[in-house]
Amino acid sequence: MTAVADFLVSGSPHLAANAVNGGQAHWRQLLAIDPLGKLAKLSGSFALGLTMPDGSNWLAVDRFGIETICYCIVDGKLWFAARADAFANQKEIDPQAIFDYLYFHCIPSPRTIYKGVYRLPPGHCAQFKNGQLTVKRFWQPDFAPPAIAESFEGLKNDFKQRLQDSVARQLDGTTPACFLSGGTDSSTIAGMIREVTGQAAHSYSIGFQAAGYDEMEYARLAAKHFKTVHHEYYVTPDDLVRSIPAVAAAYDQPFGNSSALPAYYCAKVAAKNGVTRMLAGDGGDELFGGNSRYAKQKLFGWYQHLPATFRRHLLEPAFDNQLANRLPLISKASSYIEQARTPMPERLQMYNLLLRLGPEQVLTPDFLAQVDQAAPLRHQQQVWNQSPEANDLNRSLAFDWRYTLAESDLPKVRVSSALAGMNVGYPLLDQAMLDFSLKLPDRHKLKGTQLRWFFKEALRGFLPDQILTKKKQGFGLPFGVWLMRHNGLMGLARESLGQLGGRNIVQPLFIKDLFEKHLSQHPGYYGEMVWILMMLEQWLKNKNISSA
């Protein structure tokens with residue numbers, strides 16, 4: 001447990017001109033005057049815990065949450081550490097956090113799995129003074145394209161230079177290496193390493209022997225194109241059985257992103273080869289408009305431009321009836337209208353796994369009585385409202401910086417890689433790339449329904465055309481498919497969910513139906529729920545938590 005008098009700083013913080021390398025005295029001097037202003041100018045990845053000369057404390061974390069800092073208040077003192085499980089006397093499980101985990105497949109900050117322990121949200125700071133804690137946001141994205149549009153060639157040259165500089169800043173002089181899924185982002189990083197260093201990148205790829213999940217052909221294409229020193233590993237169901245307990249226990253709270261296992265094996269192979277730092281492509285979709293839901297939400301937005309009277313008195317009554325729902329084409333139109341008239345961000349949860357299955361069907365009445373089922377949506381609404389001046393596209397990007405990056409994808413890579421002994425850098429989240437994204441016109445991020453148009457056009461000729469046109473997939477795990485074929489994996493899943501069923505959280509009847517009725521009908525869909533519940537139990541079990 002880290003005491004209030006201690007000093008914590010992690011990551012690679014830097015200011016516009018000078019690196020921040022000093023100890024506690026240096027940081028005290030930096031934050032002595034206008035601390036919010038100084039933190040707003042600080043970039044890079046960092047988590048900071050600092051005691052000031054007057055006995056007060058400052059905590060801060062970078063704007064994407066690449067690093068983390070957690071805290072609690074005990075007997076009028078502030079305690080802080082990098083992990084939520086570092087506080088020995090704060091081990092009471094929060095039922096609301098478990099509900100949030102089942103809803104989000106992670107536990108979004110500021111809540112953690114432990115009552116009284118909080119994680120500072122990205123881009124936030126906290127001051128503890130005279131027994132009072134004040135949490136503030138020190139950075140707010142300003143989506144402000146220049147009044148005079150810059151030419152495509154000018155933007156392209158600026159972008160490519162920033163990209164090279166960002167990759168260069170993330171390399172540390174050791175073996176230049178990267179994750180390589182074969183997607184746009186990881187392929188770009190692999191190619192830019194050669195541009196920056198003049199050396200071939202060491203690329204690491206994960207494959208799966210499962211139809212529709214393996215992207216190795218694209219990784220090989222990128223590796224050949226950029227002449228990388230390429231390494232491959234095919235993850236197997238046996239690997240999952242061996243590693244699921246260790247990966248679950250590596251996190252400081254339950255974590256349900258199944259790509260954590262492939263990320264772990266990718267980093268593990270690299271570590272065995274002597275690599276100590278890898279570059280990852282996370283952030284490209286969220287900064288430059290690459291997720292398919294952005295185009296989908298744009299289509300829903302068009303509905304709002306129809307006259308209100310036409311929508312309410314003609315379209316909606318015509319399609320909102322049982323007959324319409326039984327006719328395939330009309331049913332699709334009815335679904336479109338239903339989603340289009342649901343406001344953001346609530347619309348994003350219309351296919352939420354827990355909500356679709358029904359919390360009352362999944363969870364016990366005793367457990368549900370302890371939680372607020374509306375809390376996750378309120379949390380999302382608060383995050384959505386933090387960018388009131390932005391349009392829907394840019395609000396969606398900022399929303400994903402919080403939920404997709406800070407709460408899910410970055411912890412996935414950071415913790416799984418650390419378990420393998422690997423350090424990770426994120427060039428696409430470099431300050432220079434963020435600044436470029438903020439000034440990029442909306443039409444360059446999403447041109448019609450073309451995702452991340454500018455990013456791809458700027459790299460046309462640099463990246464192979466097959467990679468520019470491929471669908472996004474990443475290291476998606478074929479867990480549900482394997483579960484139906486592999487006795488060892490099924491045994492681990494049944495044992496885990498059986499133990500979870502004794503904790504009075506999930507209804508034993510739901511678990512029984514999950515295995516005996518639902519899983520064989522839709523392995524991918526229901527396999528995700530098995531995974532989420534299994535990782536919850538594995539975490540509780542490995543942390544020696546007897547009840548929750």
# chains A, B, ... in the order shown; residues from 1 in each chain; ligands from 1
call {"tool": "residues_around", "arguments": {"residues": "Leu279 of chain A", "least_positions_apart": "5", "cutoff": "12 Å", "atoms": "only C-alpha atoms", "output": "PyMOL selection string"}}
result
chain A and resi 166-172+174-180+185-193+201-204+266-267+270+413-414+417+422-430
call {"tool": "write_last_selection", "arguments": {"atoms": "N, CA and C atoms", "output": "short mmCIF file (atom, residue, chain, number, x, y, z; two decimals), in the first residue's frame"}}
result
data_model
loop_
_atom_site.label_atom_id
_atom_site.label_comp_id
_atom_site.auth_asym_id
_atom_site.auth_seq_id
_atom_site.Cartn_x
_atom_site.Cartn_y
_atom_site.Cartn_z
N SER A 166 6.17 10.33 -34.46
CA SER A 166 5.53 9.63 -33.34
C SER A 166 6.11 8.24 -33.15
N VAL A 167 6.33 7.53 -34.25
CA VAL A 167 6.96 6.21 -34.16
C VAL A 167 8.37 6.35 -33.61
N ALA A 168 9.11 7.34 -34.06
CA ALA A 168 10.48 7.54 -33.58
C ALA A 168 10.50 7.79 -32.08
N ARG A 169 9.55 8.58 -31.57
CA ARG A 169 9.52 8.87 -30.14
C ARG A 169 9.22 7.64 -29.30
N GLN A 170 8.49 6.68 -29.88
CA GLN A 170 8.10 5.50 -29.11
C GLN A 170 9.15 4.40 -29.13
N LEU A 171 10.13 4.49 -30.01
CA LEU A 171 11.22 3.51 -30.04
C LEU A 171 12.25 3.88 -28.97
N ASP A 172 12.87 2.87 -28.37
CA ASP A 172 13.81 3.15 -27.27
C ASP A 172 15.23 2.68 -27.54
N THR A 174 16.15 -0.30 -28.47
CA THR A 174 16.27 -1.76 -28.43
C THR A 174 15.73 -2.31 -29.75
N THR A 175 15.59 -3.63 -29.83
CA THR A 175 15.09 -4.25 -31.06
C THR A 175 13.76 -3.62 -31.46
N PRO A 176 13.65 -3.02 -32.64
CA PRO A 176 12.38 -2.41 -33.06
C PRO A 176 11.35 -3.48 -33.40
N ALA A 177 10.26 -3.52 -32.65
CA ALA A 177 9.29 -4.60 -32.81
C ALA A 177 7.88 -4.07 -32.70
N CYS A 178 6.93 -4.82 -33.26
CA CYS A 178 5.54 -4.39 -33.22
C CYS A 178 4.59 -5.58 -33.29
N PHE A 179 3.38 -5.36 -32.77
CA PHE A 179 2.29 -6.28 -33.02
C PHE A 179 1.88 -6.11 -34.48
N LEU A 180 1.47 -7.19 -35.13
CA LEU A 180 1.04 -7.10 -36.53
C LEU A 180 -0.17 -8.01 -36.74
N ASP A 185 -3.72 -0.22 -39.05
CA ASP A 185 -2.88 0.45 -38.06
C ASP A 185 -1.57 -0.29 -37.80
N SER A 186 -1.68 -1.59 -37.49
CA SER A 186 -0.45 -2.33 -37.17
C SER A 186 0.48 -2.42 -38.38
N SER A 187 -0.10 -2.51 -39.57
CA SER A 187 0.73 -2.54 -40.79
C SER A 187 1.45 -1.21 -40.99
N THR A 188 0.75 -0.12 -40.68
CA THR A 188 1.36 1.20 -40.80
C THR A 188 2.54 1.34 -39.85
N ILE A 189 2.37 0.86 -38.62
CA ILE A 189 3.46 0.94 -37.65
C ILE A 189 4.65 0.12 -38.12
N ALA A 190 4.40 -1.08 -38.64
CA ALA A 190 5.49 -1.93 -39.12
C ALA A 190 6.27 -1.23 -40.24
N GLY A 191 5.54 -0.61 -41.16
CA GLY A 191 6.20 0.08 -42.26
C GLY A 191 6.96 1.31 -41.81
N MET A 192 6.39 2.06 -40.85
CA MET A 192 7.02 3.29 -40.38
C MET A 192 8.28 3.01 -39.58
N ILE A 193 8.36 1.86 -38.94
CA ILE A 193 9.59 1.51 -38.21
C ILE A 193 10.76 1.44 -39.19
N ALA A 201 11.51 -4.03 -39.11
CA ALA A 201 10.82 -4.26 -37.85
C ALA A 201 10.71 -5.76 -37.59
N HIS A 202 10.74 -6.15 -36.33
CA HIS A 202 10.40 -7.51 -35.94
C HIS A 202 8.90 -7.52 -35.66
N SER A 203 8.15 -8.20 -36.51
CA SER A 203 6.68 -8.19 -36.39
C SER A 203 6.20 -9.51 -35.81
N TYR A 204 5.17 -9.41 -34.96
CA TYR A 204 4.63 -10.58 -34.27
C TYR A 204 3.14 -10.67 -34.51
N CYS A 266 1.14 -13.06 -28.04
CA CYS A 266 1.96 -12.30 -29.00
C CYS A 266 3.17 -11.69 -28.27
N ALA A 267 2.90 -11.07 -27.13
CA ALA A 267 3.99 -10.46 -26.35
C ALA A 267 4.92 -11.52 -25.77
N ALA A 270 7.41 -12.63 -28.37
CA ALA A 270 8.42 -11.59 -28.58
C ALA A 270 9.41 -11.55 -27.42
N VAL A 413 -3.92 -4.49 -23.78
CA VAL A 413 -2.55 -4.60 -24.27
C VAL A 413 -1.56 -4.39 -23.13
N ARG A 414 -1.80 -3.38 -22.30
CA ARG A 414 -0.84 -3.05 -21.25
C ARG A 414 -0.64 -4.19 -20.26
N SER A 417 0.56 -7.63 -21.88
CA SER A 417 1.97 -7.53 -22.28
C SER A 417 2.89 -7.51 -21.06
N MET A 422 6.65 -7.52 -21.17
CA MET A 422 6.82 -6.63 -22.32
C MET A 422 6.32 -5.23 -22.00
N ASN A 423 7.04 -4.22 -22.48
CA ASN A 423 6.63 -2.82 -22.42
C ASN A 423 6.07 -2.43 -23.78
N VAL A 424 5.06 -1.54 -23.80
CA VAL A 424 4.37 -1.23 -25.05
C VAL A 424 4.29 0.29 -25.27
N GLY A 425 4.46 0.69 -26.51
CA GLY A 425 4.27 2.08 -26.91
C GLY A 425 3.16 2.19 -27.94
N TYR A 426 2.51 3.37 -27.96
CA TYR A 426 1.34 3.59 -28.83
C TYR A 426 1.57 4.84 -29.70
N PRO A 427 2.24 4.70 -30.83
CA PRO A 427 2.54 5.87 -31.66
C PRO A 427 1.29 6.64 -32.13
N LEU A 428 0.19 5.93 -32.41
CA LEU A 428 -0.99 6.61 -32.93
C LEU A 428 -1.70 7.43 -31.86
N LEU A 429 -1.32 7.26 -30.60
CA LEU A 429 -1.87 8.07 -29.52
C LEU A 429 -0.91 9.17 -29.08
N ASP A 430 0.17 9.34 -29.83
CA ASP A 430 1.12 10.42 -29.56
C ASP A 430 0.41 11.77 -29.67
#
call {"tool": "select_by_dssp", "arguments": {"residues": "segment 388-474 of chain A", "states": "alpha helix (DSSP H)", "output": "number ranges by chain"}}
result
A: 392-400, 410-419, 431-439, 442-445, 453-458, 465-469
call {"tool": "write_last_selection", "arguments": {"atoms": "C-alpha atoms", "output": "short mmCIF file (atom, residue, chain, number, x, y, z; two decimals), in the first residue's frame"}}
result
data_model
loop_
_atom_site.label_atom_id
_atom_site.label_comp_id
_atom_site.auth_asym_id
_atom_site.auth_seq_id
_atom_site.Cartn_x
_atom_site.Cartn_y
_atom_site.Cartn_z
CA ASP A 392 -22.15 13.56 -33.40
CA LEU A 393 -19.12 12.07 -35.18
CA ASN A 394 -16.56 13.78 -33.00
CA ARG A 395 -18.60 13.13 -29.87
CA SER A 396 -18.56 9.46 -30.86
CA LEU A 397 -14.78 9.60 -31.22
CA ALA A 398 -14.33 11.20 -27.80
CA PHE A 399 -16.79 8.70 -26.34
CA ASP A 400 -14.69 5.85 -27.73
CA LEU A 410 -5.35 -0.12 -23.64
CA PRO A 411 -5.67 -2.21 -20.44
CA LYS A 412 -5.91 -5.29 -22.66
CA VAL A 413 -2.55 -4.60 -24.27
CA ARG A 414 -0.84 -3.05 -21.25
CA VAL A 415 -1.62 -5.72 -18.66
CA SER A 416 -1.35 -8.76 -20.93
CA SER A 417 1.97 -7.53 -22.28
CA ALA A 418 3.28 -6.77 -18.79
CA LEU A 419 2.41 -10.33 -17.76
CA GLN A 431 0.27 14.06 -28.92
CA ALA A 432 1.19 14.99 -32.48
CA MET A 433 -1.32 12.48 -33.86
CA LEU A 434 -4.04 13.64 -31.47
CA ASP A 435 -3.49 17.28 -32.45
CA PHE A 436 -3.71 16.36 -36.12
CA SER A 437 -6.93 14.41 -35.56
CA LEU A 438 -8.54 17.34 -33.75
CA LYS A 439 -7.91 19.69 -36.68
CA ASP A 442 -15.06 15.69 -40.39
CA ARG A 443 -15.47 14.83 -44.07
CA HIS A 444 -11.91 13.50 -44.07
CA LYS A 445 -12.64 11.14 -41.19
CA TRP A 453 -11.00 8.14 -45.58
CA PHE A 454 -8.08 10.51 -45.11
CA PHE A 455 -5.89 8.06 -43.21
CA LYS A 456 -6.20 5.48 -45.96
CA GLU A 457 -5.82 7.92 -48.84
CA ALA A 458 -2.76 9.52 -47.24
CA ASP A 465 -4.19 -2.06 -51.44
CA GLN A 466 -5.47 -5.37 -50.02
CA ILE A 467 -4.91 -4.06 -46.49
CA LEU A 468 -6.53 -0.71 -47.23
CA THR A 469 -9.71 -2.45 -48.39
#
call {"tool": "residues_around", "arguments": {"residues": "Met535 of chain A", "least_positions_apart": "2", "cutoff": "7 Å", "atoms": "only C-alpha atoms", "output": "list in words"}}
result
Ala248, Pro254, Phe255, Gly256, Trp531, Ile532, Leu533, Glu537, Gln538 and Trp539 of chain A
call {"tool": "closest_residue", "arguments": {"among": "A:His225, A:Lys298, A:His124, A:Arg494", "to": "Arg63 of chain A", "atoms": "only C-alpha atoms"}}
result
A:His124
call {"tool": "closest_residue", "arguments": {"among": "A:Ala249, A:Glu195, A:Lys447, A:Asp513", "to": "Gln161 of chain A", "atoms": "only C-alpha atoms"}}
result
A:Glu195
call {"tool": "select_by_dssp", "arguments": {"residues": "segment 399-521 of chain A", "states": "strand (DSSP E)", "output": "PyMOL selection string"}}
result
chain A and resi 423-425+446-447+450-451
call {"tool": "write_last_selection", "arguments": {"atoms": "C-alpha atoms", "output": "PDB file, in the first residue's frame"}}
result
ATOM      1  CA  ASN A 423       6.632  -2.820 -22.423  1.00  0.00           C
ATOM      2  CA  VAL A 424       4.366  -1.227 -25.054  1.00  0.00           C
ATOM      3  CA  GLY A 425       4.273   2.078 -26.908  1.00  0.00           C
ATOM      4  CA  LEU A 446     -15.919   9.850 -42.563  1.00  0.00           C
ATOM      5  CA  LYS A 447     -16.531  10.632 -46.236  1.00  0.00           C
ATOM      6  CA  GLN A 450     -16.265   5.584 -46.118  1.00  0.00           C
ATOM      7  CA  LEU A 451     -14.433   4.969 -42.857  1.00  0.00           C
TER       8      LEU A 451
END
call {"tool": "closest_residue", "arguments": {"among": "A:Pro523, A:Pro359, A:Gly212, A:Gly183", "to": "Asp100 of chain A", "atoms": "only C-alpha atoms"}}
result
A:Pro359
call {"tool": "closest_residue", "arguments": {"among": "A:Gln96, A:Gln349, A:Asn57, A:Gln164", "to": "Gln132 of chain A", "atoms": "only C-alpha atoms"}}
result
A:Asn57
call {"tool": "residues_around", "arguments": {"residues": "segment 22-30 of chain A", "least_positions_apart": "2", "cutoff": "12 Å", "atoms": "only C-alpha atoms", "output": "JSON, numbers by chain"}}
result
{"A": [5, 6, 7, 8, 9, 10, 12, 13, 14, 15, 18, 19, 20, 32, 33, 34, 35, 36, 37, 38, 39, 41, 42, 48, 49, 50, 51, 52, 53, 54, 55, 56, 57, 58, 59, 60]}
call {"tool": "write_last_selection", "arguments": {"atoms": "C-alpha atoms", "output": "PDB file, in the first residue's frame"}}
result
ATOM      1  CA  ALA A   5       3.810  10.778   1.790  1.00  0.00           C
ATOM      2  CA  ASP A   6       5.138   8.745  -1.109  1.00  0.00           C
ATOM      3  CA  PHE A   7       5.693   9.811  -4.691  1.00  0.00           C
ATOM      4  CA  LEU A   8       4.475   7.948  -7.766  1.00  0.00           C
ATOM      5  CA  VAL A   9       5.150   8.766 -11.392  1.00  0.00           C
ATOM      6  CA  SER A  10       5.019   6.338 -14.310  1.00  0.00           C
ATOM      7  CA  SER A  12       6.734   9.033 -20.317  1.00  0.00           C
ATOM      8  CA  PRO A  13       5.406  12.503 -19.491  1.00  0.00           C
ATOM      9  CA  HIS A  14       6.702  15.484 -21.397  1.00  0.00           C
ATOM     10  CA  LEU A  15       5.956  19.143 -22.003  1.00  0.00           C
ATOM     11  CA  ASN A  18      11.297  20.062 -22.074  1.00  0.00           C
ATOM     12  CA  ALA A  19      11.135  16.493 -20.856  1.00  0.00           C
ATOM     13  CA  VAL A  20       9.888  16.005 -17.296  1.00  0.00           C
ATOM     14  CA  ALA A  32       3.161  25.091  -7.491  1.00  0.00           C
ATOM     15  CA  ILE A  33       1.542  27.722  -9.713  1.00  0.00           C
ATOM     16  CA  ASP A  34      -1.457  27.108 -11.996  1.00  0.00           C
ATOM     17  CA  PRO A  35      -1.449  23.311 -11.636  1.00  0.00           C
ATOM     18  CA  LEU A  36      -4.430  22.795 -13.955  1.00  0.00           C
ATOM     19  CA  GLY A  37      -2.773  24.870 -16.647  1.00  0.00           C
ATOM     20  CA  LYS A  38       0.498  22.975 -16.276  1.00  0.00           C
ATOM     21  CA  LEU A  39      -1.226  19.603 -16.421  1.00  0.00           C
ATOM     22  CA  LYS A  41       0.213  21.275 -21.269  1.00  0.00           C
ATOM     23  CA  LEU A  42       1.611  17.946 -20.162  1.00  0.00           C
ATOM     24  CA  LEU A  48       1.268  11.045 -11.101  1.00  0.00           C
ATOM     25  CA  GLY A  49       0.858  10.963  -7.333  1.00  0.00           C
ATOM     26  CA  LEU A  50       2.475  13.878  -5.521  1.00  0.00           C
ATOM     27  CA  THR A  51       2.638  15.385  -2.020  1.00  0.00           C
ATOM     28  CA  MET A  52       2.994  19.182  -1.965  1.00  0.00           C
ATOM     29  CA  PRO A  53       4.893  21.167   0.723  1.00  0.00           C
ATOM     30  CA  ASP A  54       1.629  22.172   2.423  1.00  0.00           C
ATOM     31  CA  GLY A  55       0.683  18.509   2.881  1.00  0.00           C
ATOM     32  CA  SER A  56      -1.905  18.449   0.102  1.00  0.00           C
ATOM     33  CA  ASN A  57      -1.793  15.896  -2.697  1.00  0.00           C
ATOM     34  CA  TRP A  58      -2.127  15.964  -6.452  1.00  0.00           C
ATOM     35  CA  LEU A  59      -3.036  12.986  -8.627  1.00  0.00           C
ATOM     36  CA  ALA A  60      -3.202  13.075 -12.423  1.00  0.00           C
TER      37      ALA A  60
END
